[in-house]
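Enquirer: Sharing a structure here in C-alpha cells format.
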Amino acid sequence: MADITTEVDNTVTVPGRPPTLITGDHNLTSMTDLVSGIAEARKPPRAWYIAFGISLTVTMILLAMIVYLFLLGTGVWGLQMPVAWGFAIVNFVFWVGIGHAGTLISAILFLFRQQWRTAINRFAEAMTIFAVVCAGLFPILHLGRPWLAYWLFPYPNYLQMWPQFRSPLVWDVFAVSTYMTVSLLFWYMGMIPDLATFRDRAKTRLRHTIYGIFSLGWRGSGRHWHRYETAYLLLAALATPLVLSVHSVVSFDFAISQLPGWHTTIFPPYFVAGAIFSGFAMVLTLIIPARQFFGLKEIVTLRHLDNIAKFILATGLIVAYAYAIEFWTSWYSGNFYESFAFLNRAMGPYAWAYWIMVGCNVVVPQFLWVPSIRKNLLALWVLSLLVNVGMWFERYVIIVTSLSRDFLPSSWGYYSPTWVDILTLLGSFGLFLTLFLLFVRYLPMVAMAEVKSIMPQAHPDHGEHRGSGQYWGQSPHEHRHGPEEGHK
Amino acid sequence: MSEQAPPPDVAVAAPPGHLYGVLAEFDDTPALLRAAAKVRDAGYRQWDTFTPIPIHGLDGAMGIRRTLLPWVVFGAGIAGGLGGLAMQWWMNVFDYPYVVSGKPLLSIPAFVPIIFEVVILLAAITAFVGMLMFNKLPQLYHTWFASRAFASRVTSDRFFIGIEARDPQFDLDRAKQLLADAGSTNVEVIAEPDPPQLPAWVRKYAAPVAAVLLVAALVPPLLVAKARVTPNQNTRVQLIPDMDRQPRFLPQSANSLFLDNRSMRPLVPGTVAAGWAELDPVFYRGIADGEWTDALPVEVDRALLVRGQQRYDIFCMPCHGWDGEGRGPAAVTGQEKSPATWVMPTSLTGPVVRERPDGHIFNTITNGIRTMAPYGDQIRPADRWAIVAYMRALQLSQAVPLDLLPPGQREQMRR
C-alpha cells in the first residue's frame with residue numbers, strides 16, 4: 001500500500017465548470033481496484049499494525065477499568081456531592097457529539113446534493129457508529145448497577161411500573177438508541193453494493209462466503225437499484241431531522257433542569273452546532289492519516305479537506321456566538337444566580353478549563369480563514385485535535401461548573417477526577433480506534449458505488465456521446481406498451 | 001411478484017437444455033441505456049439490467065414504474081407516531097398514572113420527543129426492510145451468477161442486460177440478435193445449473209446424526225424440568241447478588257474479633273443505653289416508697305382504656321380470655337391436650353387479682369409470674385399501664401357495686 005498517489009490542489013473552483021472531485025486518471029476499474037485493494041491486501045501497512053497494537057492495549061485498559069468499577073462501585077470515580085455528574089456524562093456528551101458528523105455528511109449533504117460527500121461518507125458513518133458505541137457505554141457505567149440498564153426500556157415487568165416519559169433521561173434512551181439503529185441501517189445499506197463487490201472479487205472461499213452473506217445477494221439489478229435509491233433517499237430524509245434531534249435531546253438533560261447555567265433555551269441549537277463542529281474535527285483527525293497510509297489522496301482530495309475545514313470554521317463561529325450570547329442572556333435576565341453561574345465559569349475555580357475551551361473552540365478555528373492553512377495537512381491535523389480537546393472541555397465546563405456551585409454556597413464543592421476516570425476516558429479512545437482500524441481493514445472504507453457514480457464515466461452523456469442524451473426514448477409516464485413488471 | 005409467476009401460456013417445464021436466459025455485456029453507461037430502451041421497446045417483461053452503479057435515467061430506459069416504498073414508509077411513520085403516543089398514554093396515563101409536578105397526566109409536549117423518535121425508528125426500519133422485501137433479498141444465489149464475466153465484474157465495472165427464458169415472447173435467436181444489435185460486446189446463453197448435490201458422506205450420515213442431535217437436544221430441557229420439580233435446600237445461585245446476602249455475625253454465635261469470643265456485646269459497665277434510663281420507679285416498675293403502688297401513674301381516660309383493650313386482646317386474651325376469666329383459646333386447647341398437667345391461668349377478675357395493687361399487676365406483666373412468661377420486652381410501659389387500667393375495668397364489669405349502677409338498673413338488680 002505504498003504512497004503511489006500524489007497531492008493535487010483542486011480547491012479552486014472555476015466558475016461554470018463542475019469541481020474536480022477525483023484527481024488522477026481513474027475509471028470504474030481502477031477505482032474499484034484502488035478501494036478494494038485496501039481490504040484485499042494480504043498485509044495492511046506497518047502503521048496499521050502499530051496503531052492497532054496501541055489501541056487494543058488501550059481498550060484493555062478500558063476493560064480493566066470497567067471491571068474495577070463493577071467490583072467496587074462508582075465510588076472509584078471522583079463523583080462527590082454536589083458534582084454527581086462527572087467524567088461519565090462529560091464523555092457521553094462528547095462522544096455523542098463526535099457521532100454527529102457521519103450522519104450529517106451522509107444524510108444532510110446527500111439531500112443538498114453535495115457530491116464530495118461520497119468520498120468520505122462511509123468513513124464518517126463508521127466513525128459515527130463507533131462514537132455512539134463509546135457514548136452508549138458511559139451512561140450505562142454511570143448507572144451504579146449497570147446490569148439493570150434494561151430497566152430503562154418500557155417492558156412489562158414484575159415491578160408493574162413503566163418508565164416516566166416526561167423525563168429527559170428517558171428521551172435520551174430513545175434518542176440515542178434510535179440514532180444508533182438508524183445510523184447502523186444507513187451505514188449497512190450503503191455498504192451492500194460494495195460488500196457485493198468484495199464478494200465478487202474474493203479470492204478465497206471464506207471471504208466469498210462471509211462477504212456473500214452480508215451482501216445479501218446483491219447483483220446490481222436495475223429494478224433493485226431503483227428501490228434501493230428510493231430507500232436511501234428516504235433514510236436520508238429521516239436521518240436529517242434525527243441527527244438534529246439527538247443532540248437537542250441530549251441538551252434537554254441539562255436545559256430541562258433548573259440549575260443556573262443549564263436552564264437555557266439556547267442549548268439545543270448550541271449543542272447541535274458543537275456536535276457537528278467536533279464531529280467534523282474528528283473526521284479530519286482520522287482521515288488525514290488514513291488517506292496517507294492507504295493511498296486515497298486521489299479520492300479524498302485537498303478539496304474535501306478544504307470543505308471539511310470550512311464546515312469546522314462555520315460551526316465554530318456558531319459555537320463562539322453561543323458562548324458570547326450566554327453571557328448576554330445571563331446579564332439581561334437580571335437573575336443573580338444566572339449571572340453568577342457564567343461569571344463563575346470564566347473567573348471561578350474552573351477558569352482554566354473555560355479558557356482552554358475558548359482558546360480551542362473560538363481562537364483556533366479562526367486560522368481556517370487562511371486558505372494556505374486549509375491546505376496544510378499537518379496544520380489541519382493539529383487544529384482538529386485542538387478542536388476536540390476544546391469540545392471535551394466545553395462539556396466539562398457546562399456540567400462541572402454548574403453543578404459545583406449552585407444556589408447554596410454551603411453546598412458548594414470542587415470536582416476532581418480520579419485516575420480511574422482518566423484511564424476510562426483514555427480507554428474509550430482505544431475502543432473507538434480499535435473498532436475503526438478493524439473497519440478500515442475489513443470493510444470498504446470508501447463508498448465505491450457512490451464514488452463511481454459521480455465519475456464522468458457514470459454519466460450517460462460522457463465521451464463521444466456528450467450532449468446526445470436521448471437514448472432512453474419516452475418518459476415512463478408516456479410509455480404505455482412497455483413492461484408493467486418491476487413495479488412494487 | 002409478476003417476476004416470479006410465469007404467464008400461463010408459456011411452457012416453462014422443459015426449455016431446451018434448462019435454458020435460463022440470455023445475458024449481454026456492455027462497455028459503458030450510454031451503451032447500456034440505449035440497449036435497455038431497445039429491450040423495453042421490444043416488449044420483453046422478464047428482463048433486467050445489472051450495473052455496478054445506479055445510473056441516472058435507467059428507470060425510464062427500462063420503463064420501471066415508481067416504487068410504492070415511500071407510501072409504505074409513510075404508513076410506518078404514521079403508525080409510529082400514533083403508536084408512540086398510544087404507548088406513552090397507556091403507560092403513563094392509564095396503566096400507571098404518574099403525577100409529575102402537578103402537570104396533566106396526558107401532557108403532550110413532554111411526549112413529543114419520544115413520539116418523534118418512534119416515528120423515525122419505525123419508518124427507517126421499514127424503509128430498509130421494505131427495500132429488501134420488494135427486491136426479494138436476501139438471496140443466496142441467482143442463476144445469472146453462472147456467467148463468469150457477470151459474477152466477477154457486475155459489481156465493479158461492467159454493465160449487463162439479461163432476458164429470461166420465461167418471458168412470454170422469448171425466442172433464443174431473436175433475443176441474442178436484439179442484444180447484439182443493441183451494441184453488446186458479448187452475448188452469453190445461460191443454462192439453469194443442476195441443483196447442487198451434497199457429498200455422499202453427508203447424504204449417508206445426515207439423518208442418523210440429526211436424530212442423535214435431536215435426542216441430545218432434549219436432555220437440557222429435561223434437566224431443567226427435573227430441577228423445577230425437585231426441592232433443593234441450597235441457596236439460589238445469584239450472578240449479581242445486589243447486596244441481598246451480606247457477611248455478618250449472627251446473635252449467639254462465636255466471634256474471634258472480641259476477647260470474650262462472643263458476637264453479642266454486653267453493655268459497657270456503668271452505662272445506660274440511650275432511652276433506657278427509666279428513672280421513675282413508679283412508672284417503670286410500679287413501686288412507690290418501697291411498696292407496690294396502688295394508683296395508676298397515668299391519666300385514665302377513654303383513649304387509655306381503648307388502647308389497653310386493644311393491647312389486652314393481643315397479648316393477654318389468648319390465655320386469660322376475652323373476659324379475663326382465664327378461659328382463653330390457648331388455655332382451653334392446653335387443657336384439652338394435656339388435662340393431667342395443665343394449669344389453667346389465673347382468673348383476672350377473681351378475688352386474688354382483684355386484691356392486688358396496680359403496681360403488682362404491672363410487675364407481673366413486666367416480669368411474668370409462675371408459668372406466665374414476662375412481656376416487658378414486648379409491651380411498652382405506657383401500654384402495660386393501659387392494660388392494667390383495662391383489667392380494672394374488666395373486674396368492675398364482673399362485680400359492679402350496686403350504687404354504681406344507673407338508678408333504673410339498680411332496681412332491676414335488687415330483685
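By convention here, the chains of the C-alpha cells are called A, B, ... in the order presented, each chain's residues are numbered starting at 1, and ligands are numbered starting at 1 in the order presented.
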Where does DSSP see strand (DSSP E or B) in region 104-163 of chain B, if you list the residues as an NGL selection string?
Expert: :B and (159-163)
Enquirer: Save the residues we just selected, C-alpha atoms, as an mmCIF file, in the first residue's frame?
Expert:
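Once everything was written out, this is selection-v8.cif:
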data_model
loop_
_atom_site.group_PDB
_atom_site.id
_atom_site.type_symbol
_atom_site.label_atom_id
_atom_site.label_comp_id
_atom_site.auth_asym_id
_atom_site.auth_seq_id
_atom_site.Cartn_x
_atom_site.Cartn_y
_atom_site.Cartn_z
ATOM 1 C CA PHE B 159 -22.799 -3.498 -17.425
ATOM 2 C CA PHE B 160 -25.205 -6.304 -18.301
ATOM 3 C CA ILE B 161 -28.693 -6.921 -19.630
ATOM 4 C CA GLY B 162 -30.324 -10.274 -19.057
ATOM 5 C CA ILE B 163 -33.505 -11.536 -20.734
#
Enquirer: Give the residues of chain B that lie within 7 Å of chain A; count only C-alpha atoms, and format the answer as JSON, numbers by chain.
Expert: {"B": [2, 3, 29, 30, 33, 34, 37, 40, 41, 43, 44, 45, 48, 49, 50, 51, 52, 53, 54, 55, 59, 60, 61, 63, 64, 65, 66, 67, 68, 88, 91, 92, 96, 110, 111, 113, 114, 117, 120, 121, 124, 127, 128, 131, 134, 135, 137, 138, 139, 140, 141, 151, 152, 155, 156, 157]}
Enquirer: Provide the CA of His304 (chain A) to CA of Pro289 (chain A) distance in Å, to one decimal place.
Expert: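 Those two atoms sit 14.2 Å apart.
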Enquirer: DSSP on the backbone, then: every residue of region 221-366 of chain B marked helix (DSSP H, G or I), written as number ranges by chain.
Expert: B: 221-229, 281-285, 302-315, 317-320, 329-337, 351-355, 358-366
Enquirer: With distances taken over only C-alpha atoms, which residue among B:Thr185, B:Thr126, B:Thr346, B:Ser256 lies nearest Asp28 (chain B)?
Expert: B:Thr185
